[in-house]
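Visitor: For reference, the file target_37.cif (mmCIF, C-alpha atoms) is included below:
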data_entry
#
loop_
_atom_site.label_atom_id
_atom_site.label_comp_id
_atom_site.auth_asym_id
_atom_site.auth_seq_id
_atom_site.Cartn_x
_atom_site.Cartn_y
_atom_site.Cartn_z
CA ASN A 1 -3.01 -9.23 -17.48
CA GLY A 2 -2.24 -6.20 -19.64
CA TRP A 3 -2.06 -3.86 -16.63
CA GLY A 4 1.58 -4.16 -15.59
CA ARG A 5 3.06 -2.11 -18.41
CA GLY A 6 3.28 1.48 -19.62
CA ASP A 7 2.46 3.91 -16.81
CA ARG A 8 1.38 1.13 -14.43
CA PRO A 9 3.75 -0.14 -11.73
CA VAL A 10 6.03 -3.04 -12.57
CA MET A 11 4.74 -6.35 -11.23
CA MET A 12 5.36 -10.07 -11.64
CA VAL A 13 8.97 -9.53 -10.56
CA SER A 14 10.74 -11.49 -7.87
CA TRP A 15 13.20 -10.09 -5.35
CA ASN A 16 15.92 -11.69 -7.47
CA ASP A 17 14.60 -9.90 -10.59
CA ALA A 18 14.56 -6.55 -8.79
CA GLN A 19 18.14 -7.08 -7.60
CA GLN A 20 19.26 -7.88 -11.16
CA TYR A 21 17.52 -4.75 -12.47
CA ALA A 22 19.21 -2.53 -9.86
CA THR A 23 22.61 -3.96 -10.85
CA TRP A 24 21.87 -3.50 -14.56
CA LEU A 25 20.69 0.10 -14.05
CA GLY A 26 23.77 0.90 -11.99
CA LYS A 27 26.08 -0.37 -14.72
CA LYS A 28 24.14 1.50 -17.40
CA THR A 29 24.11 4.85 -15.55
CA GLY A 30 27.25 4.70 -13.41
CA GLN A 31 25.09 5.41 -10.34
CA ALA A 32 24.50 3.17 -7.30
CA TYR A 33 20.91 1.84 -7.13
CA SER A 34 19.33 -0.65 -4.76
CA LEU A 35 16.07 -1.69 -3.23
CA PRO A 36 15.39 0.39 -0.12
CA SER A 37 15.89 -1.01 3.33
CA GLU A 38 12.68 -1.34 5.35
CA SER A 39 13.76 1.75 7.31
CA GLN A 40 14.33 3.77 4.14
CA TRP A 41 11.03 2.59 2.70
CA GLU A 42 9.11 3.54 5.84
CA TYR A 43 10.78 6.96 6.07
CA ILE A 44 9.82 7.71 2.47
CA ALA A 45 6.29 6.30 2.82
CA ARG A 46 5.55 8.09 6.11
CA ALA A 47 6.82 11.48 4.94
CA GLY A 48 6.63 12.70 8.54
CA GLU A 49 3.30 10.98 9.32
CA GLU A 50 3.37 9.50 12.82
CA GLY A 51 0.08 7.60 12.70
CA GLU A 52 -0.82 4.31 11.06
CA TRP A 53 -2.35 5.74 7.88
CA PRO A 54 -1.42 8.09 5.04
CA GLY A 55 -3.22 11.33 5.82
CA GLY A 56 -3.41 10.38 9.50
CA ASP A 57 -6.79 8.60 9.42
CA ALA A 58 -8.03 5.24 8.11
CA ALA A 59 -10.84 7.03 6.25
CA LEU A 60 -8.31 9.12 4.30
CA VAL A 61 -6.20 6.21 3.00
CA CYS A 62 -8.43 5.96 -0.08
CA ALA A 63 -7.14 9.31 -1.38
CA TYR A 64 -3.55 7.98 -1.31
CA ALA A 65 -3.81 4.27 -2.03
CA ASN A 66 -5.28 1.85 -4.56
CA ILE A 67 -6.29 -0.94 -2.18
CA ALA A 68 -9.15 -3.45 -2.08
CA GLY A 69 -12.23 -1.33 -1.51
CA GLU A 70 -15.91 -1.98 -0.96
CA GLU A 71 -16.58 -3.10 -4.56
CA THR A 72 -14.29 -6.12 -4.24
CA ARG A 73 -16.43 -7.69 -1.52
CA PHE A 74 -13.23 -9.31 -0.21
CA GLU A 75 -13.58 -10.16 3.47
CA TRP A 76 -10.44 -8.10 4.20
CA ARG A 77 -11.47 -5.07 2.10
CA HIS A 78 -11.14 -1.50 3.36
CA LYS A 79 -14.82 -0.71 3.78
CA GLU A 80 -14.32 3.04 3.72
CA CYS A 81 -12.87 3.01 0.18
CA SER A 82 -14.78 3.13 -3.05
CA ASP A 83 -12.51 1.36 -5.50
CA ILE A 84 -12.03 3.34 -8.73
CA SER A 85 -10.21 0.38 -10.24
CA ALA A 86 -11.20 -2.83 -8.49
CA PHE A 87 -9.09 -5.90 -9.23
CA GLU A 88 -6.13 -4.17 -10.92
CA THR A 89 -3.43 -1.55 -10.56
CA LEU A 90 -3.87 2.11 -11.45
CA PRO A 91 -1.46 4.21 -13.50
CA VAL A 92 1.32 5.52 -11.25
CA GLY A 93 0.43 8.87 -9.68
CA SER A 94 -3.35 8.54 -10.16
CA LEU A 95 -3.97 9.26 -6.49
CA LYS A 96 -2.63 11.85 -4.05
CA GLY A 97 1.11 11.94 -3.27
CA ASN A 98 2.38 12.09 0.31
CA ALA A 99 4.05 15.12 1.94
CA PHE A 100 7.35 14.22 0.20
CA GLY A 101 5.60 14.06 -3.18
CA VAL A 102 5.93 10.26 -3.32
CA TYR A 103 3.07 8.45 -5.04
CA ASP A 104 1.76 4.94 -4.44
CA ALA A 105 3.86 4.17 -1.37
CA ILE A 106 0.74 2.45 -0.07
CA GLY A 107 -1.33 0.35 -2.44
CA ASN A 108 -1.09 -0.41 -6.14
CA VAL A 109 1.72 -2.98 -5.65
CA ALA A 110 3.60 -4.04 -2.54
CA GLU A 111 7.31 -3.23 -2.78
CA TRP A 112 10.33 -5.44 -2.18
CA THR A 113 12.92 -4.25 0.34
CA LEU A 114 16.51 -5.34 0.97
CA ASP A 115 15.70 -6.76 4.40
CA CYS A 116 15.81 -10.48 5.08
CA MET A 117 12.72 -11.88 6.75
CA ASN A 118 12.58 -11.35 10.50
CA LEU A 119 9.31 -11.60 12.38
CA SER A 120 10.05 -8.83 14.85
CA TYR A 121 12.29 -5.80 15.17
CA LEU A 122 14.37 -7.31 18.01
CA GLU A 123 18.03 -6.65 17.25
CA ALA A 124 17.18 -4.84 14.01
CA PRO A 125 19.77 -2.38 12.66
CA SER A 126 19.29 1.08 14.15
CA ASP A 127 21.18 2.97 11.43
CA GLY A 128 18.64 2.58 8.60
CA SER A 129 20.54 -0.22 6.90
CA ALA A 130 18.95 -3.44 5.70
CA TRP A 131 18.73 -6.46 7.94
CA SER A 132 21.10 -8.95 6.32
CA VAL A 133 20.52 -11.74 8.85
CA GLY A 134 17.45 -13.84 9.45
CA MET A 135 15.73 -15.99 6.86
CA CYS A 136 17.37 -14.55 3.75
CA SER A 137 15.65 -16.93 1.34
CA SER A 138 12.68 -14.59 1.93
CA HIS A 139 12.62 -10.80 1.98
CA MET A 140 10.20 -8.23 3.32
CA THR A 141 7.68 -6.31 1.26
CA ARG A 142 5.98 -3.11 2.31
CA GLY A 143 3.00 -0.99 1.29
CA GLY A 144 0.19 -3.40 0.50
CA SER A 145 -1.40 -3.52 -2.94
CA TRP A 146 -4.57 -3.30 -5.00
CA PHE A 147 -5.42 -6.71 -3.51
CA THR A 148 -4.95 -5.86 0.19
CA GLY A 149 -7.33 -4.28 2.65
CA SER A 150 -7.33 -2.28 5.87
CA ARG A 151 -4.79 -4.22 7.93
CA GLU A 152 -2.21 -4.41 5.14
CA SER A 153 -2.51 -0.77 4.07
CA ARG A 154 -1.16 0.66 7.32
CA LEU A 155 2.19 2.45 7.08
CA GLY A 156 3.83 -0.01 9.47
CA ALA A 157 2.52 -3.21 7.84
CA ARG A 158 5.15 -5.64 6.59
CA PHE A 159 5.05 -9.01 4.86
CA ASN A 160 7.51 -11.55 3.59
CA LEU A 161 7.72 -13.43 0.31
CA LYS A 162 10.25 -15.96 -0.96
CA ASN A 163 12.99 -14.45 -3.13
CA GLY A 164 11.74 -16.17 -6.30
CA ASP A 165 8.03 -15.38 -5.85
CA ARG A 166 6.32 -13.44 -8.63
CA ASN A 167 2.72 -12.22 -8.52
CA ASP A 168 0.50 -9.42 -9.78
CA PHE A 169 0.48 -7.57 -6.48
CA THR A 170 4.24 -7.15 -5.83
CA GLY A 171 6.71 -4.83 -7.56
CA PHE A 172 9.57 -2.61 -6.49
CA ARG A 173 10.92 0.90 -6.12
CA LEU A 174 14.62 1.75 -6.22
CA VAL A 175 16.67 4.23 -4.27
CA ARG A 176 19.84 5.87 -5.56
CA LYS A 177 22.84 6.63 -3.43
CA VAL A 178 23.69 10.32 -3.52
CA GLU A 179 27.02 11.55 -2.22
CA ARG A 180 26.83 14.58 0.04
CA GLN A 181 28.77 17.58 -1.16
#
Can you present the structure in this file as structure tokens?
Guide:
Amino acid sequence: NGWGRGDRPVMMVSWNDAQQYATWLGKKTGQAYSLPSESQWEYIARAGEEGEWPGGDAALVCAYANIAGEETRFEWRHKECSDISAFETLPVGSLKGNAFGVYDAIGNVAEWTLDCMNLSYLEAPSDGSAWSVGMCSSHMTRGGSWFTGSRESRLGARFNLKNGDRNDFTGFRLVRKVERQ
């Protein structure tokens, strides 16, 4: 579409593609990269926020997230947002960063995680690691996208896609392992 390049978030990548990129980057740099676990993703996205929304209120999500706003007229739109870029991503960092200085944790593109699909948190790892059991032909995405509305733009919202799925509303973010000194 011409809006998944340059300073826009990567999109049209499957979970398998993201895994291959993390491996390639690790070999190129000598560092250990991976997709975040759901727990890591949520810790980074929340940045200390205990409520459901960035900024603590559904009305404030628009300052932090490129999501489907009023202009889209989608049934699921977030009616309190005026969409500065309806029907596409925005350049990374166009909106407000969270308390950790992380941009676009909510909205723009949903992000792949390492976790296999599980419909609840029953028996989930409690140490922040990824859930490597469940339906592992699908993995969880977090954060919602330019295409999602109110329900999907909550900090705790989670969705699953098949490992080979590619679309213009899903991308990824990597984490790097840092050894403590």
Visitor: Select, from A:Gly97, A:Gly134, A:Gly149, A:Gly171, the residue with the minimum atom-to-atom distance to Ile44 (chain A), counting all atoms listed in the file.
Guide: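 The closest residue to Ile44 (chain A) is A:Gly97.
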Visitor: Kindly indicate which residue among A:Phe100, A:Thr148, A:Thr113, A:Asp165 lies nearest to Glu49 (chain A), using only C-alpha atoms for the distances.
Guide: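 Of the candidates, the smallest distance to Glu49 (chain A) is held by A:Phe100.
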Visitor: Select, from A:Arg8, A:Arg158, A:Arg166, A:Lys96, the residue with the minimum atom-to-atom distance to Ser39 (chain A), counting only C-alpha atoms.
Guide: A:Arg158
Visitor: Output the residue selection produced by the PyMOL selection byres ((chain A and resi 110) around 7) on the file above, formatted as a list in words.
Guide: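 Given this file, the PyMOL selection byres ((chain A and resi 110) around 7) evaluates to Gly107, Asn108, Val109, Glu111, Trp112, Thr141, Arg142, Gly143, Gly144, Ser145, Phe169, Thr170 and Gly171 of chain A.
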Visitor: Given the selection you just returned, output its residues as a file containing C-alpha atoms, formatted as a short mmCIF file (atom, residue, chain, number, x, y, z; two decimals), in the coordinates of the input.
Guide:
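Written file, selection.cif:
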data_model
loop_
_atom_site.label_atom_id
_atom_site.label_comp_id
_atom_site.auth_asym_id
_atom_site.auth_seq_id
_atom_site.Cartn_x
_atom_site.Cartn_y
_atom_site.Cartn_z
CA GLY A 107 -1.33 0.35 -2.44
CA ASN A 108 -1.09 -0.41 -6.14
CA VAL A 109 1.72 -2.98 -5.65
CA GLU A 111 7.31 -3.23 -2.78
CA TRP A 112 10.33 -5.44 -2.18
CA THR A 141 7.68 -6.31 1.26
CA ARG A 142 5.98 -3.11 2.31
CA GLY A 143 3.00 -0.99 1.29
CA GLY A 144 0.19 -3.40 0.50
CA SER A 145 -1.40 -3.52 -2.94
CA PHE A 169 0.48 -7.57 -6.48
CA THR A 170 4.24 -7.15 -5.83
CA GLY A 171 6.71 -4.83 -7.56
#
Visitor: Starting from the PyMOL selection byres ((chain A and resi 115-120) around 9), expand the selection into actual residues of this file and give them as a short mmCIF file (atom, residue, chain, number, x, y, z; two decimals) with C-alpha atoms, in the frame of the given file.
Guide:
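Heads up, here's the output in result_5.cif:
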data_model
loop_
_atom_site.label_atom_id
_atom_site.label_comp_id
_atom_site.auth_asym_id
_atom_site.auth_seq_id
_atom_site.Cartn_x
_atom_site.Cartn_y
_atom_site.Cartn_z
CA PRO A 36 15.39 0.39 -0.12
CA SER A 37 15.89 -1.01 3.33
CA GLU A 38 12.68 -1.34 5.35
CA TRP A 112 10.33 -5.44 -2.18
CA THR A 113 12.92 -4.25 0.34
CA LEU A 114 16.51 -5.34 0.97
CA TYR A 121 12.29 -5.80 15.17
CA LEU A 122 14.37 -7.31 18.01
CA GLU A 123 18.03 -6.65 17.25
CA ALA A 124 17.18 -4.84 14.01
CA SER A 129 20.54 -0.22 6.90
CA ALA A 130 18.95 -3.44 5.70
CA TRP A 131 18.73 -6.46 7.94
CA SER A 132 21.10 -8.95 6.32
CA VAL A 133 20.52 -11.74 8.85
CA GLY A 134 17.45 -13.84 9.45
CA MET A 135 15.73 -15.99 6.86
CA CYS A 136 17.37 -14.55 3.75
CA SER A 137 15.65 -16.93 1.34
CA SER A 138 12.68 -14.59 1.93
CA HIS A 139 12.62 -10.80 1.98
CA MET A 140 10.20 -8.23 3.32
CA THR A 141 7.68 -6.31 1.26
CA PHE A 159 5.05 -9.01 4.86
CA ASN A 160 7.51 -11.55 3.59
CA LEU A 161 7.72 -13.43 0.31
#
Visitor: Care to translate the PyMOL selection byres ((chain A and resi 19) around 12) into actual residues of this file, as a PyMOL selection string?
Guide: chain A and resi 13-18+20-26+33-36+112-114+139+163-164+171-175
Visitor: Rounded to one decimal in Å, what is the spacing between CA of Val61 (chain A) and CA of Ser153 (chain A)?
Guide: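 Value for the CA of Val61 (chain A)-CA of Ser153 (chain A) distance: 8.0 Å.
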Visitor: What does the structure give for the distance between CA of Gly128 (chain A) and CA of Lys177 (chain A), in Å to one decimal?
Guide: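 Spanning CA of Gly128 (chain A) to CA of Lys177 (chain A) is a straight-line distance of 13.4 Å.
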Visitor: Calculated over all atoms listed in the file, which of the candidates A:Ala157, A:Tyr103, A:Gln40, A:Glu80 has the smallest distance to Cys62 (chain A)?
Guide: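 Comparing A:Ala157, A:Tyr103, A:Gln40, A:Glu80 against Cys62 (chain A), the winner is A:Glu80.
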Visitor: Rounded to one decimal, what separation in Å do you get between CA of Ala68 (chain A) and CA of Glu52 (chain A)?
Guide: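 Between CA of Ala68 (chain A) and CA of Glu52 (chain A) the gap works out to 17.4 Å.
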Visitor: Might you pull out every residue within 6 Å of Trp53 (chain A), with all atoms listed in the file counted and same-chain residues fewer than 2 positions away left off, and present them as a PyMOL selection string?
Guide: chain A and resi 51+56-58+154-155
Visitor: Include C-alpha atoms and write out the residues we just selected as a compact mmCIF listing (two decimals), in the frame of the given file.
Guide:
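Result file follows (out_33.txt):
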# COMPACT_ATOMS: atom_id res chain seq x y z
CA GLY A 51 0.08 7.60 12.70
CA GLY A 56 -3.41 10.38 9.50
CA ASP A 57 -6.79 8.60 9.42
CA ALA A 58 -8.03 5.24 8.11
CA ARG A 154 -1.16 0.66 7.32
CA LEU A 155 2.19 2.45 7.08
Visitor: Counting all atoms listed in the file, figure out which residue out of A:Ile106, A:Arg180, A:His78, A:Thr89 gets nearest to Asp168 (chain A).
Guide: A:Thr89
Visitor: Could the centre and edge lengths of an axis-aligned box, enclosing all atoms of region 94-112 of chain A in the file with 4 Å extra on each side, be given in Å to one decimal as lines of an AutoDock Vina configuration file?
Guide:
center_x = 3.2
center_y = 4.8
center_z = -4.1
size_x = 22.3
size_y = 28.6
size_z = 20.1
Visitor: List the residues sitting within 12 Å of (-6.5, 2.2, -15.6) in the file's frame, using all atoms listed in the file, as a list in words.
Guide: Gly2, Trp3, Gly4, Arg5, Gly6, Asp7, Arg8, Pro9, Asn66, Asp83, Ile84, Ser85, Ala86, Phe87, Glu88, Thr89, Leu90, Pro91, Val92, Gly93, Ser94, Leu95 and Asn108 of chain A
Visitor: Name the closest residue to Asn98 (chain A) among the candidates A:Gly48, A:Gly156, A:Gly30, A:Pro125; distances are taken between atoms, counting only C-alpha atoms.
Guide: A:Gly48
